[in-house]
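Student: Data file query32.cif (mmCIF, C-alpha atoms) is appended below.
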data_coords
#
loop_
_atom_site.label_atom_id
_atom_site.label_comp_id
_atom_site.auth_asym_id
_atom_site.auth_seq_id
_atom_site.Cartn_x
_atom_site.Cartn_y
_atom_site.Cartn_z
CA MET A 1 -47.28 15.17 -19.30
CA ASP A 2 -47.73 13.00 -22.41
CA GLY A 3 -46.97 9.43 -21.38
CA THR A 4 -45.10 8.81 -24.63
CA SER A 5 -42.96 11.97 -24.65
CA GLU A 6 -39.22 12.18 -24.14
CA ALA A 7 -39.89 13.80 -20.75
CA ALA A 8 -41.91 10.73 -19.73
CA ALA A 9 -39.00 8.50 -20.67
CA ARG A 10 -36.65 10.63 -18.57
CA ALA A 11 -39.04 10.49 -15.62
CA LEU A 12 -39.18 6.70 -15.78
CA ALA A 13 -35.40 6.59 -16.12
CA GLY A 14 -35.18 8.61 -12.92
CA GLU A 15 -37.37 6.08 -11.09
CA LEU A 16 -35.29 3.23 -12.43
CA GLY A 17 -32.07 4.97 -11.44
CA ALA A 18 -33.33 5.45 -7.90
CA ARG A 19 -34.23 1.76 -7.68
CA LYS A 20 -30.81 0.74 -8.97
CA ALA A 21 -29.07 3.09 -6.55
CA ALA A 22 -31.03 1.66 -3.60
CA LEU A 23 -30.17 -1.90 -4.63
CA GLY A 24 -26.53 -0.97 -5.17
CA ALA A 25 -26.33 0.63 -1.72
CA ALA A 26 -27.90 -2.45 -0.12
CA ALA A 27 -25.41 -4.69 -1.94
CA GLU A 28 -22.53 -2.51 -0.69
CA ARG A 29 -23.79 -2.78 2.89
CA LEU A 30 -24.08 -6.54 2.61
CA ALA A 31 -20.58 -6.78 1.15
CA GLY A 32 -19.27 -4.83 4.14
CA LEU A 33 -20.88 -7.29 6.55
CA LEU A 34 -19.40 -10.25 4.69
CA ALA A 35 -15.97 -8.62 4.83
CA GLU A 36 -16.09 -8.71 8.65
CA GLY A 37 -15.92 -12.51 8.65
CA PRO A 38 -15.12 -15.30 8.78
CA PRO A 39 -17.29 -16.26 10.50
CA CYS A 40 -20.00 -13.74 9.62
CA ASP A 41 -22.55 -12.10 11.89
CA ARG A 42 -25.43 -14.19 10.58
CA ALA A 43 -28.23 -12.07 12.03
CA ARG A 44 -26.95 -8.84 10.48
CA VAL A 45 -26.27 -10.50 7.12
CA GLU A 46 -29.75 -12.00 7.02
CA ALA A 47 -31.28 -8.58 7.82
CA ALA A 48 -29.35 -7.07 4.91
CA MET A 49 -30.50 -9.91 2.66
CA HIS A 50 -34.10 -9.23 3.70
CA GLU A 51 -33.75 -5.64 2.48
CA ILE A 52 -32.40 -6.81 -0.88
CA ARG A 53 -35.22 -9.34 -1.24
CA ARG A 54 -37.69 -6.50 -0.70
CA LEU A 55 -36.05 -4.36 -3.39
CA VAL A 56 -35.96 -7.29 -5.81
CA ARG A 57 -39.62 -8.12 -5.08
CA GLU A 58 -40.75 -4.52 -5.66
CA ALA A 59 -38.95 -4.07 -8.99
CA PRO A 60 -41.21 -5.99 -11.47
CA PRO A 61 -44.13 -3.49 -11.46
CA LEU A 62 -41.80 -0.64 -12.49
CA LEU A 63 -40.18 -2.79 -15.17
CA ALA A 64 -43.61 -3.77 -16.50
CA ARG A 65 -44.65 -0.10 -16.58
CA ILE A 66 -41.48 0.80 -18.49
CA GLN A 67 -42.07 -1.98 -20.99
CA GLN A 68 -45.70 -0.91 -21.55
CA SER A 69 -44.79 2.78 -21.89
CA GLN A 70 -41.99 1.98 -24.33
CA ALA A 71 -44.35 -0.10 -26.47
CA GLU A 72 -46.94 2.72 -26.46
CA ALA A 73 -44.30 5.29 -27.42
CA THR A 74 -43.24 3.07 -30.31
CA ARG A 75 -46.86 2.67 -31.45
CA VAL A 76 -47.56 6.43 -31.28
CA ALA A 77 -44.37 7.29 -33.21
CA ALA A 78 -45.28 4.81 -35.96
CA ALA A 79 -48.86 6.20 -36.17
CA GLU A 80 -47.65 9.80 -36.49
CA MET A 81 -45.26 9.03 -39.34
CA PRO A 82 -44.66 5.88 -41.40
CA GLY A 83 -41.43 4.33 -40.11
CA GLY A 84 -41.38 6.81 -37.23
CA ARG A 85 -39.29 6.02 -34.17
CA PRO A 86 -39.71 7.15 -30.57
CA ALA A 87 -37.13 9.45 -28.98
CA GLN A 88 -33.68 8.04 -28.22
CA ALA A 89 -34.48 8.33 -24.52
CA TRP A 90 -36.91 5.41 -24.89
CA TYR A 91 -34.21 3.16 -26.36
CA ASP A 92 -31.78 4.13 -23.61
CA LEU A 93 -34.45 3.41 -21.01
CA GLY A 94 -35.22 0.01 -22.53
CA SER A 95 -31.53 -0.97 -22.47
CA ALA A 96 -31.14 0.12 -18.85
CA ALA A 97 -34.30 -1.74 -17.83
CA GLY A 98 -33.15 -4.92 -19.60
CA LEU A 99 -29.78 -4.88 -17.85
CA TYR A 100 -31.45 -4.24 -14.50
CA ARG A 101 -33.76 -7.20 -15.12
CA LEU A 102 -30.69 -9.39 -15.69
CA SER A 103 -29.33 -8.29 -12.32
CA LEU A 104 -32.59 -9.17 -10.60
CA ASN A 105 -32.62 -12.57 -12.30
CA GLN A 106 -29.15 -13.24 -10.92
CA TRP A 107 -30.24 -12.68 -7.32
CA PRO A 108 -31.07 -16.35 -6.55
CA ARG A 109 -27.47 -17.31 -7.37
CA ILE A 110 -26.12 -14.45 -5.27
CA GLU A 111 -28.45 -15.42 -2.42
CA ALA A 112 -27.15 -19.00 -2.52
CA LEU A 113 -23.56 -17.70 -2.52
CA ILE A 114 -24.24 -15.66 0.61
CA GLY A 115 -26.08 -18.56 2.24
CA ALA A 116 -22.97 -20.72 1.88
CA GLN A 117 -20.95 -18.09 3.73
CA ILE A 118 -23.29 -17.71 6.70
CA ALA A 119 -23.83 -21.44 7.14
CA GLY A 120 -20.88 -21.52 9.53
CA ARG A 121 -19.34 -24.61 7.95
CA ARG A 122 -15.63 -25.34 8.46
CA TRP A 123 -13.52 -27.25 5.95
CA LYS A 124 -10.19 -28.75 7.03
CA LEU A 125 -7.23 -27.20 5.28
CA VAL A 126 -5.90 -30.58 4.12
CA PRO A 127 -8.58 -33.24 4.55
CA ALA A 128 -7.72 -36.90 4.33
CA PRO A 129 -8.92 -38.13 0.92
CA ARG A 130 -11.73 -40.64 0.84
CA PRO A 131 -10.89 -44.05 -0.66
CA GLN A 132 -12.31 -43.30 -4.10
CA GLU A 133 -10.61 -39.89 -4.23
CA ALA A 134 -7.29 -41.47 -3.18
CA ALA A 135 -7.56 -44.10 -5.91
CA LEU A 136 -8.28 -41.50 -8.58
CA ALA A 137 -5.45 -39.27 -7.30
CA ALA A 138 -3.00 -42.17 -7.53
CA VAL A 139 -3.84 -42.66 -11.20
CA ALA A 140 -3.52 -38.92 -11.93
CA ASP A 141 -0.22 -38.74 -10.01
CA ALA A 142 1.24 -41.63 -12.03
CA ALA A 143 0.26 -39.92 -15.29
CA PHE A 144 1.76 -36.65 -14.03
CA ARG A 145 5.08 -38.38 -13.23
CA ARG A 146 5.23 -39.72 -16.79
CA LEU A 147 4.47 -36.28 -18.16
CA HIS A 148 7.25 -34.87 -15.98
CA ARG A 149 9.76 -37.31 -17.46
CA ILE A 150 8.65 -36.45 -20.99
CA LEU A 151 8.92 -32.70 -20.40
CA ASN A 152 12.32 -32.93 -18.72
CA PRO A 153 14.46 -35.74 -20.21
CA LEU A 154 17.72 -34.03 -19.10
CA GLU A 155 20.22 -35.85 -16.92
CA GLN A 156 21.30 -34.11 -13.74
CA ASP A 157 24.27 -31.77 -14.04
CA ALA A 158 27.43 -33.34 -12.59
CA ALA A 159 28.31 -30.23 -10.56
CA ALA A 160 24.80 -30.11 -9.05
CA ALA A 161 25.04 -33.78 -8.11
CA GLU A 162 28.46 -33.16 -6.57
CA ALA A 163 26.94 -30.32 -4.52
CA GLY A 164 24.45 -32.79 -3.02
CA ALA A 165 21.33 -31.80 -4.95
CA TYR A 166 18.64 -34.29 -5.82
CA GLY A 167 17.64 -34.71 -9.44
CA ASP A 168 14.38 -33.27 -10.73
CA ILE A 169 12.05 -35.18 -8.42
CA GLY A 170 8.68 -33.95 -7.30
CA LEU A 171 6.09 -34.33 -4.58
CA PRO A 172 3.04 -36.24 -5.89
CA GLN A 173 0.89 -33.71 -7.71
CA SER A 174 -2.28 -34.38 -5.73
CA ARG A 175 -0.42 -33.73 -2.48
CA PHE A 176 1.09 -30.51 -3.79
CA VAL A 177 -2.26 -29.24 -5.07
CA ALA A 178 -3.83 -29.88 -1.66
CA LEU A 179 -1.05 -28.00 0.17
CA ALA A 180 -1.01 -25.07 -2.28
CA HIS A 181 -4.78 -24.79 -1.94
CA ALA A 182 -4.46 -24.84 1.85
CA ALA A 183 -1.81 -22.08 1.75
CA TYR A 184 -4.06 -20.04 -0.54
CA ARG A 185 -6.94 -20.31 1.94
CA VAL A 186 -4.69 -19.32 4.84
CA GLY A 187 -3.60 -16.30 2.81
CA LEU A 188 -7.26 -15.35 2.38
CA ALA A 189 -7.76 -15.67 6.13
CA GLN A 190 -4.72 -13.42 6.68
CA GLY A 191 -6.31 -10.81 4.44
CA ARG A 192 -3.51 -10.82 1.88
CA GLY A 193 -4.38 -8.90 -1.27
CA THR A 194 -1.67 -10.65 -3.28
CA MET A 195 0.57 -13.65 -2.65
CA ASP A 196 3.96 -14.54 -4.12
CA PHE A 197 5.24 -18.13 -4.11
CA LEU A 198 8.78 -19.51 -4.13
CA ASP A 199 9.84 -23.09 -4.96
CA VAL A 200 13.24 -23.94 -3.48
CA GLY A 201 14.67 -26.44 -5.95
CA CYS A 202 12.10 -25.97 -8.71
CA GLY A 203 13.52 -28.41 -11.28
CA MET A 204 11.91 -27.79 -14.64
CA GLY A 205 9.05 -25.79 -13.14
CA LEU A 206 5.96 -28.00 -13.14
CA LYS A 207 5.11 -27.07 -9.55
CA LEU A 208 5.46 -23.39 -10.46
CA LEU A 209 2.91 -23.84 -13.23
CA THR A 210 0.51 -25.42 -10.74
CA ALA A 211 1.17 -22.76 -8.09
CA ALA A 212 0.30 -20.03 -10.60
CA ALA A 213 -3.35 -21.11 -10.33
CA TYR A 214 -3.31 -19.98 -6.68
CA PHE A 215 -0.75 -17.22 -6.36
CA ASP A 216 -0.13 -13.92 -8.13
CA GLY A 217 3.57 -14.42 -8.74
CA VAL A 218 5.70 -17.57 -8.81
CA ALA A 219 9.47 -17.94 -8.60
CA GLY A 220 11.94 -20.80 -8.43
CA ILE A 221 15.53 -21.36 -7.38
CA GLU A 222 17.37 -24.20 -9.13
CA LEU A 223 20.99 -25.26 -8.70
CA ASP A 224 21.17 -27.33 -11.88
CA PRO A 225 21.74 -24.95 -14.85
CA GLY A 226 20.13 -27.32 -17.34
CA PHE A 227 16.99 -27.73 -15.25
CA ALA A 228 16.83 -23.97 -14.66
CA GLU A 229 17.03 -23.27 -18.39
CA ARG A 230 14.37 -25.89 -19.02
CA ALA A 231 12.13 -24.20 -16.44
CA ARG A 232 12.56 -20.81 -18.12
CA ASP A 233 11.62 -22.25 -21.52
CA PHE A 234 8.64 -24.09 -20.04
CA LEU A 235 7.24 -21.16 -18.07
CA GLY A 236 7.85 -18.77 -20.93
CA ALA A 237 5.82 -21.03 -23.22
CA ALA A 238 3.07 -21.16 -20.57
CA ALA A 239 2.84 -17.33 -20.72
CA LEU A 240 2.31 -16.89 -16.98
CA PRO A 241 1.75 -13.26 -15.97
CA LYS A 242 4.51 -13.10 -13.31
CA TRP A 243 7.32 -15.63 -12.95
CA THR A 244 11.07 -15.88 -12.55
CA VAL A 245 13.63 -18.66 -12.24
CA VAL A 246 16.97 -18.04 -10.53
CA GLN A 247 19.86 -20.43 -11.20
CA GLY A 248 22.02 -20.82 -8.12
CA ASP A 249 22.52 -22.39 -4.71
CA ALA A 250 19.50 -21.91 -2.43
CA ARG A 251 21.87 -21.74 0.55
CA ALA A 252 23.26 -18.48 -0.84
CA PHE A 253 19.91 -16.94 -1.83
CA GLY A 254 19.15 -13.85 0.24
CA SER A 255 15.57 -12.82 -0.60
CA TYR A 256 13.36 -15.40 1.11
CA GLY A 257 11.67 -12.63 3.08
CA ALA A 258 10.17 -11.24 -0.15
CA PHE A 259 7.78 -14.19 -0.50
CA ASP A 260 4.50 -15.04 1.17
CA VAL A 261 4.63 -18.80 0.56
CA ILE A 262 7.82 -20.89 0.41
CA TYR A 263 7.86 -24.52 -0.74
CA MET A 264 10.62 -27.09 -0.24
CA PHE A 265 10.61 -30.80 -0.96
CA ARG A 266 14.05 -32.21 -0.10
CA PRO A 267 16.14 -30.36 -2.72
CA LEU A 268 19.31 -31.68 -1.04
CA GLU A 269 20.15 -35.28 -0.16
CA ALA A 270 22.13 -34.97 3.08
CA GLN A 271 20.18 -34.37 6.29
CA GLU A 272 22.83 -31.94 7.56
CA ALA A 273 22.69 -29.91 4.34
CA MET A 274 18.90 -29.82 4.48
CA ALA A 275 18.96 -28.62 8.09
CA GLU A 276 21.40 -25.87 7.09
CA LEU A 277 19.18 -24.85 4.17
CA GLU A 278 16.02 -24.85 6.28
CA ALA A 279 17.63 -22.59 8.89
CA HIS A 280 18.79 -20.21 6.16
CA VAL A 281 15.34 -20.11 4.53
CA VAL A 282 13.36 -19.30 7.68
CA GLU A 283 15.87 -16.76 9.02
CA GLY A 284 14.31 -13.33 8.78
CA LEU A 285 10.94 -14.43 7.41
CA ALA A 286 8.15 -11.95 8.08
CA PRO A 287 5.56 -13.06 10.66
CA GLY A 288 2.77 -14.89 8.89
CA THR A 289 4.92 -16.27 6.07
CA LEU A 290 3.71 -19.73 5.09
CA VAL A 291 6.14 -22.59 4.58
CA ILE A 292 5.24 -25.82 2.81
CA GLY A 293 7.62 -28.57 3.88
CA PRO A 294 5.97 -31.96 3.28
CA TYR A 295 8.72 -34.33 4.41
CA ARG A 296 9.61 -36.05 7.66
CA GLY A 297 12.80 -34.16 8.43
CA PHE A 298 11.02 -30.84 8.29
CA ALA A 299 8.21 -32.13 10.47
CA ALA A 300 10.80 -33.16 13.05
CA ARG A 301 12.62 -29.82 12.98
CA HIS A 302 9.81 -27.28 12.49
CA ARG A 303 9.53 -26.29 16.15
CA ALA A 304 13.25 -25.60 16.44
CA LEU A 305 12.90 -23.42 13.33
CA GLY A 306 10.21 -21.30 15.02
CA LEU A 307 7.34 -22.58 12.88
CA TRP A 308 3.90 -23.77 13.94
CA PRO A 309 1.88 -26.31 11.95
CA LEU A 310 -1.42 -25.33 10.37
CA ALA A 311 -1.92 -28.68 8.64
CA PRO A 312 0.35 -31.66 7.89
CA GLY A 313 3.13 -30.18 5.76
CA LEU A 314 2.03 -26.53 6.11
CA TYR A 315 3.54 -24.15 8.69
CA VAL A 316 3.43 -20.48 9.64
CA ALA A 317 6.43 -18.40 10.72
CA GLY A 318 6.68 -15.79 13.43
CA GLU A 319 3.49 -16.62 15.31
CA THR A 320 2.73 -18.03 18.74
CA ARG A 321 1.08 -21.40 19.10
CA ALA A 322 -2.21 -19.73 20.09
CA ALA A 323 -2.05 -17.32 17.14
CA ALA A 324 -1.38 -20.20 14.75
CA ALA A 325 -4.39 -22.11 16.11
CA LYS A 326 -6.58 -19.02 15.71
CA LEU A 327 -5.34 -18.54 12.13
CA ARG A 328 -6.05 -22.17 11.29
CA ARG A 329 -9.59 -21.89 12.63
CA ARG A 330 -10.20 -18.70 10.67
CA ALA A 331 -8.83 -20.31 7.50
CA GLU A 332 -11.14 -23.30 7.94
CA PHE A 333 -14.10 -20.91 7.64
CA THR A 334 -12.92 -19.71 4.23
CA GLY A 335 -14.51 -21.28 1.18
CA LEU A 336 -12.90 -23.67 -1.27
CA ALA A 337 -13.14 -21.58 -4.46
CA VAL A 338 -9.98 -20.27 -6.08
CA ARG A 339 -10.09 -16.69 -7.33
CA PRO A 340 -11.18 -16.62 -11.00
CA PRO A 341 -9.97 -14.08 -13.58
CA SER A 342 -11.58 -10.69 -12.95
CA GLU A 343 -14.84 -10.00 -14.72
CA ALA A 344 -14.63 -7.39 -17.47
CA LEU A 345 -18.01 -5.87 -16.62
CA ARG A 346 -19.18 -4.71 -13.22
CA THR A 347 -22.68 -5.48 -11.97
CA VAL A 348 -24.78 -4.35 -9.04
CA TRP A 349 -23.59 -7.54 -7.34
CA THR A 350 -19.87 -6.94 -7.96
CA PRO A 351 -19.14 -5.75 -4.38
CA ILE A 352 -20.63 -8.98 -3.02
CA LEU A 353 -18.76 -11.11 -5.57
CA ASP A 354 -15.48 -9.33 -4.82
CA VAL A 355 -15.63 -9.81 -1.07
CA SER A 356 -16.90 -13.39 -1.47
CA GLN A 357 -13.95 -14.25 -3.68
CA ARG A 358 -11.61 -12.79 -1.07
CA ARG A 359 -13.18 -15.27 1.37
CA GLY A 360 -12.93 -18.30 -0.91
CA PHE A 361 -16.51 -18.31 -2.20
CA ASP A 362 -17.71 -17.84 -5.75
CA LEU A 363 -20.67 -18.48 -8.02
CA THR A 364 -20.87 -21.86 -9.66
CA ARG A 365 -19.04 -21.39 -12.94
CA ASP A 366 -21.16 -23.54 -15.20
CA GLY A 367 -21.71 -20.82 -17.78
CA PRO A 368 -21.13 -17.11 -18.48
CA LEU A 369 -22.25 -14.63 -15.87
CA ASP A 370 -25.26 -12.48 -16.51
CA HIS A 371 -24.00 -8.91 -16.62
CA ALA A 372 -25.82 -5.75 -15.67
#
Please go through the file and, once you have read it, give me the structure as structure tokens.
Tutor:
Amino acid sequence: MDGTSEAAARALAGELGARKAALGAAAERLAGLLAEGPPCDRARVEAAMHEIRRLVREAPPLLARIQQSQAEATRVAAAEMPGGRPAQAWYDLGSAAGLYRLSLNQWPRIEALIGAQIAGRRWKLVPAPRPQEAALAAVADAAFRRLHRILNPLEQDAAAAEAGAYGDIGLPQSRFVALAHAAYRVGLAQGRGTMDFLDVGCGMGLKLLTAAAYFDGVAGIELDPGFAERARDFLGAAALPKWTVVQGDARAFGSYGAFDVIYMFRPLEAQEAMAELEAHVVEGLAPGTLVIGPYRGFAARHRALGLWPLAPGLYVAGETRAAAAKLRRRAEFTGLAVRPPSEALRTVWTPILDVSQRRGFDLTRDGPLDHA
């Protein structure tokens, strides 16, 4: 067979396709092993990585042969006729080989991503901030409080105040971010495909905007009609994919069981009213529902409400103490990355990236991904 013919190009394309299929199958197997964690079976994962390393190592000779054959086909076509071009099959082969080369070049980053997952490291769900981090968070929290006042200059509605509601106050932003991130990681450990979040007493919605970075859908209940309208305007302008704000009394709301994560930060002033609200919120929650209640009264009453702590301010409903401890340990093996927007193009590594993201691990996002 003429080494520059269309048939030769198809033969090389067949070799390349077989190589890509073998690498894709190995990546699928490795993704399946990662999905069994956390923690992962390190020995089996490393054996699967060894197979991928072999396939990556053996690819360059074929790619070099394709490049040389393509160049020869181009030279022969030009010699046979001025301006002559080789068959389209050679261009298709060159494109496929180039994309495959990009996949191979990405392997060191994928290998590092897998290495982070089999290292067996545990991260606390809500670690105590180091002194420098605490100082920086205090500055950011102060700026966020000022921003909050600017975005919501409304005075509290008289009827809402009469009903015992607090004004539009908020948990310090750094504390909320830490707890939302912890709840997100617990959701990963629970194997949740999607998570919906509810803020009980959402004010003008700043916490909902933050929660949208972690959860698929966000919703708020707000007694004050002015604050609720402000939240709708704010979230509408933010163009979040899935949000809702309900104006009404949280003590009469009947759909708490529809949410995976529920957040409360003292929406009512009186201790008795808060205890009544807490009991109403947790009644009928599905086992595994996460509740963020970062205030002293809730910490004192959580056990009577049938909740077990996973971290300071974060609780799980409907589980035994042993099951909660097991869930916390599993969540501590998840990574710290938050799921990014889905990639438009799939690569040979997509199965590994998908399962890694479901475990809280992702590539370092310091530039665009190489696609193949």
Student: Exactly which residues make up the result of the PyMOL selection byres ((chain A and resi 215) around 6) on this file, given as a list in words?
Tutor: Met195, Asp196, Ala212, Tyr214, Asp216 and Gly217 of chain A
Student: Show which residues sit within 12 Å of Ala142 of chain A, as a compact mmCIF listing (two decimals) with C-alpha atoms, keeping the file's coordinate frame. Count all atoms listed in the file, and ignore same-chain residues fewer than 6 positions away.
Tutor:
# COMPACT_ATOMS: atom_id res chain seq x y z
CA ALA A 135 -7.56 -44.10 -5.91
CA LEU A 136 -8.28 -41.50 -8.58
CA HIS A 148 7.25 -34.87 -15.98
CA ARG A 149 9.76 -37.31 -17.46
CA GLY A 170 8.68 -33.95 -7.30
CA LEU A 171 6.09 -34.33 -4.58
CA PRO A 172 3.04 -36.24 -5.89
CA GLN A 173 0.89 -33.71 -7.71
CA SER A 174 -2.28 -34.38 -5.73
Student: Name the residues that the PyMOL selection byres ((chain A and resi 51) around 12) pulls out of this structure, and write them as a PyMOL selection string.
Tutor: chain A and resi 22-27+29-30+44-50+52-58
Student: Applying 12 Å and only C-alpha atoms, which residues near segment 295-308 of chain A remain after dropping the ones on its own chain fewer than 2 positions away? List them as a VMD selection string.
Tutor: chain A and resid 170 to 172 175 to 176 263 to 293 310 to 328
Student: Could you list, as a ChimeraX atom specification, every residue matched by the PyMOL selection byres ((chain A and resi 152-156) around 9) in this structure?
Tutor: /A:147-151,157-161,166-168,203-204,224,226-227,230
Student: Produce a file of the selected residues containing C-alpha atoms, as an mmCIF file, in the coordinates of the input.
Tutor:
data_model
loop_
_atom_site.group_PDB
_atom_site.id
_atom_site.type_symbol
_atom_site.label_atom_id
_atom_site.label_comp_id
_atom_site.auth_asym_id
_atom_site.auth_seq_id
_atom_site.Cartn_x
_atom_site.Cartn_y
_atom_site.Cartn_z
ATOM 1 C CA LEU A 147 4.470 -36.280 -18.160
ATOM 2 C CA HIS A 148 7.250 -34.870 -15.980
ATOM 3 C CA ARG A 149 9.760 -37.310 -17.460
ATOM 4 C CA ILE A 150 8.650 -36.450 -20.990
ATOM 5 C CA LEU A 151 8.920 -32.700 -20.400
ATOM 6 C CA ASP A 157 24.270 -31.770 -14.040
ATOM 7 C CA ALA A 158 27.430 -33.340 -12.590
ATOM 8 C CA ALA A 159 28.310 -30.230 -10.560
ATOM 9 C CA ALA A 160 24.800 -30.110 -9.050
ATOM 10 C CA ALA A 161 25.040 -33.780 -8.110
ATOM 11 C CA TYR A 166 18.640 -34.290 -5.820
ATOM 12 C CA GLY A 167 17.640 -34.710 -9.440
ATOM 13 C CA ASP A 168 14.380 -33.270 -10.730
ATOM 14 C CA GLY A 203 13.520 -28.410 -11.280
ATOM 15 C CA MET A 204 11.910 -27.790 -14.640
ATOM 16 C CA ASP A 224 21.170 -27.330 -11.880
ATOM 17 C CA GLY A 226 20.130 -27.320 -17.340
ATOM 18 C CA PHE A 227 16.990 -27.730 -15.250
ATOM 19 C CA ARG A 230 14.370 -25.890 -19.020
#
Student: Could you please determine the separation between atom CA of Trp90 of chain A and atom CA of Ala21 of chain A in Å, to one decimal place?
Tutor: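 Computing it gives 20.1 Å between the two atoms.
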Student: What does the structure give for the distance between atom CA of Arg339 of chain A and atom CA of Leu188 of chain A, in Å to one decimal?
Tutor: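 Answer for the atom CA of Arg339 of chain A to atom CA of Leu188 of chain A separation: 10.2 Å.
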Student: Taking all atoms listed in the file into account, name the residue in A:Gln117, A:Gln132, A:Ser103, A:Thr347 that is nearest to Arg359 of chain A.
Tutor: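 Closest residue, counting all atoms listed in the file: A:Gln117.
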Student: Can you tell me, as a PyMOL selection string, what residues are no more than 10 Å from Arg109 of chain A when counting all atoms listed in the file, ignoring any on the same chain fewer than 3 positions away?
Tutor: chain A and resi 105-106+112-115+362-364
Student: Which residues, written as a ChimeraX atom specification, have at least one atom at most 9 Å from Ala96 of chain A, with all atoms listed in the file counted and residues fewer than 3 positions away on the same chain left out?
Tutor: /A:13,16-17,91-93,99-101,372
Student: Is there a way to complete segment 92-108 of chain A with N, CA and C atoms and then write that out as a PDB file, in the coordinates of the input?
Tutor:
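Contents of selection25.pdb, freshly written:
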ATOM      1  N   ASP A  92     -32.709   4.166 -24.737  1.00  0.00           N
ATOM      2  CA  ASP A  92     -31.780   4.130 -23.610  1.00  0.00           C
ATOM      3  C   ASP A  92     -32.457   3.541 -22.373  1.00  0.00           C
ATOM      4  N   LEU A  93     -33.712   3.929 -22.157  1.00  0.00           N
ATOM      5  CA  LEU A  93     -34.450   3.410 -21.010  1.00  0.00           C
ATOM      6  C   LEU A  93     -34.667   1.906 -21.138  1.00  0.00           C
ATOM      7  N   GLY A  94     -35.004   1.446 -22.333  1.00  0.00           N
ATOM      8  CA  GLY A  94     -35.220   0.010 -22.530  1.00  0.00           C
ATOM      9  C   GLY A  94     -33.959  -0.787 -22.272  1.00  0.00           C
ATOM     10  N   SER A  95     -32.805  -0.268 -22.716  1.00  0.00           N
ATOM     11  CA  SER A  95     -31.530  -0.970 -22.470  1.00  0.00           C
ATOM     12  C   SER A  95     -31.228  -1.037 -20.976  1.00  0.00           C
ATOM     13  N   ALA A  96     -31.413   0.088 -20.296  1.00  0.00           N
ATOM     14  CA  ALA A  96     -31.140   0.120 -18.850  1.00  0.00           C
ATOM     15  C   ALA A  96     -32.067  -0.823 -18.095  1.00  0.00           C
ATOM     16  N   ALA A  97     -33.346  -0.854 -18.501  1.00  0.00           N
ATOM     17  CA  ALA A  97     -34.300  -1.740 -17.830  1.00  0.00           C
ATOM     18  C   ALA A  97     -33.953  -3.206 -18.065  1.00  0.00           C
ATOM     19  N   GLY A  98     -33.520  -3.533 -19.307  1.00  0.00           N
ATOM     20  CA  GLY A  98     -33.150  -4.920 -19.600  1.00  0.00           C
ATOM     21  C   GLY A  98     -31.963  -5.375 -18.784  1.00  0.00           C
ATOM     22  N   LEU A  99     -30.958  -4.522 -18.649  1.00  0.00           N
ATOM     23  CA  LEU A  99     -29.780  -4.880 -17.850  1.00  0.00           C
ATOM     24  C   LEU A  99     -30.142  -5.013 -16.370  1.00  0.00           C
ATOM     25  N   TYR A 100     -31.032  -4.141 -15.898  1.00  0.00           N
ATOM     26  CA  TYR A 100     -31.450  -4.240 -14.500  1.00  0.00           C
ATOM     27  C   TYR A 100     -32.214  -5.541 -14.263  1.00  0.00           C
ATOM     28  N   ARG A 101     -33.025  -5.934 -15.232  1.00  0.00           N
ATOM     29  CA  ARG A 101     -33.760  -7.200 -15.120  1.00  0.00           C
ATOM     30  C   ARG A 101     -32.786  -8.382 -15.010  1.00  0.00           C
ATOM     31  N   LEU A 102     -31.688  -8.323 -15.777  1.00  0.00           N
ATOM     32  CA  LEU A 102     -30.690  -9.390 -15.690  1.00  0.00           C
ATOM     33  C   LEU A 102     -30.091  -9.463 -14.283  1.00  0.00           C
ATOM     34  N   SER A 103     -29.845  -8.300 -13.686  1.00  0.00           N
ATOM     35  CA  SER A 103     -29.330  -8.290 -12.320  1.00  0.00           C
ATOM     36  C   SER A 103     -30.313  -8.929 -11.349  1.00  0.00           C
ATOM     37  N   LEU A 104     -31.570  -8.588 -11.483  1.00  0.00           N
ATOM     38  CA  LEU A 104     -32.590  -9.170 -10.600  1.00  0.00           C
ATOM     39  C   LEU A 104     -32.671 -10.674 -10.792  1.00  0.00           C
ATOM     40  N   ASN A 105     -32.556 -11.131 -12.033  1.00  0.00           N
ATOM     41  CA  ASN A 105     -32.620 -12.570 -12.300  1.00  0.00           C
ATOM     42  C   ASN A 105     -31.441 -13.314 -11.694  1.00  0.00           C
ATOM     43  N   GLN A 106     -30.339 -12.607 -11.490  1.00  0.00           N
ATOM     44  CA  GLN A 106     -29.150 -13.240 -10.920  1.00  0.00           C
ATOM     45  C   GLN A 106     -29.231 -13.363  -9.398  1.00  0.00           C
ATOM     46  N   TRP A 107     -30.171 -12.695  -8.770  1.00  0.00           N
ATOM     47  CA  TRP A 107     -30.240 -12.680  -7.320  1.00  0.00           C
ATOM     48  C   TRP A 107     -30.302 -14.076  -6.684  1.00  0.00           C
ATOM     49  N   PRO A 108     -31.073 -15.040  -7.206  1.00  0.00           N
ATOM     50  CA  PRO A 108     -31.070 -16.350  -6.550  1.00  0.00           C
ATOM     51  C   PRO A 108     -29.680 -16.975  -6.430  1.00  0.00           C
TER      52      PRO A 108
END
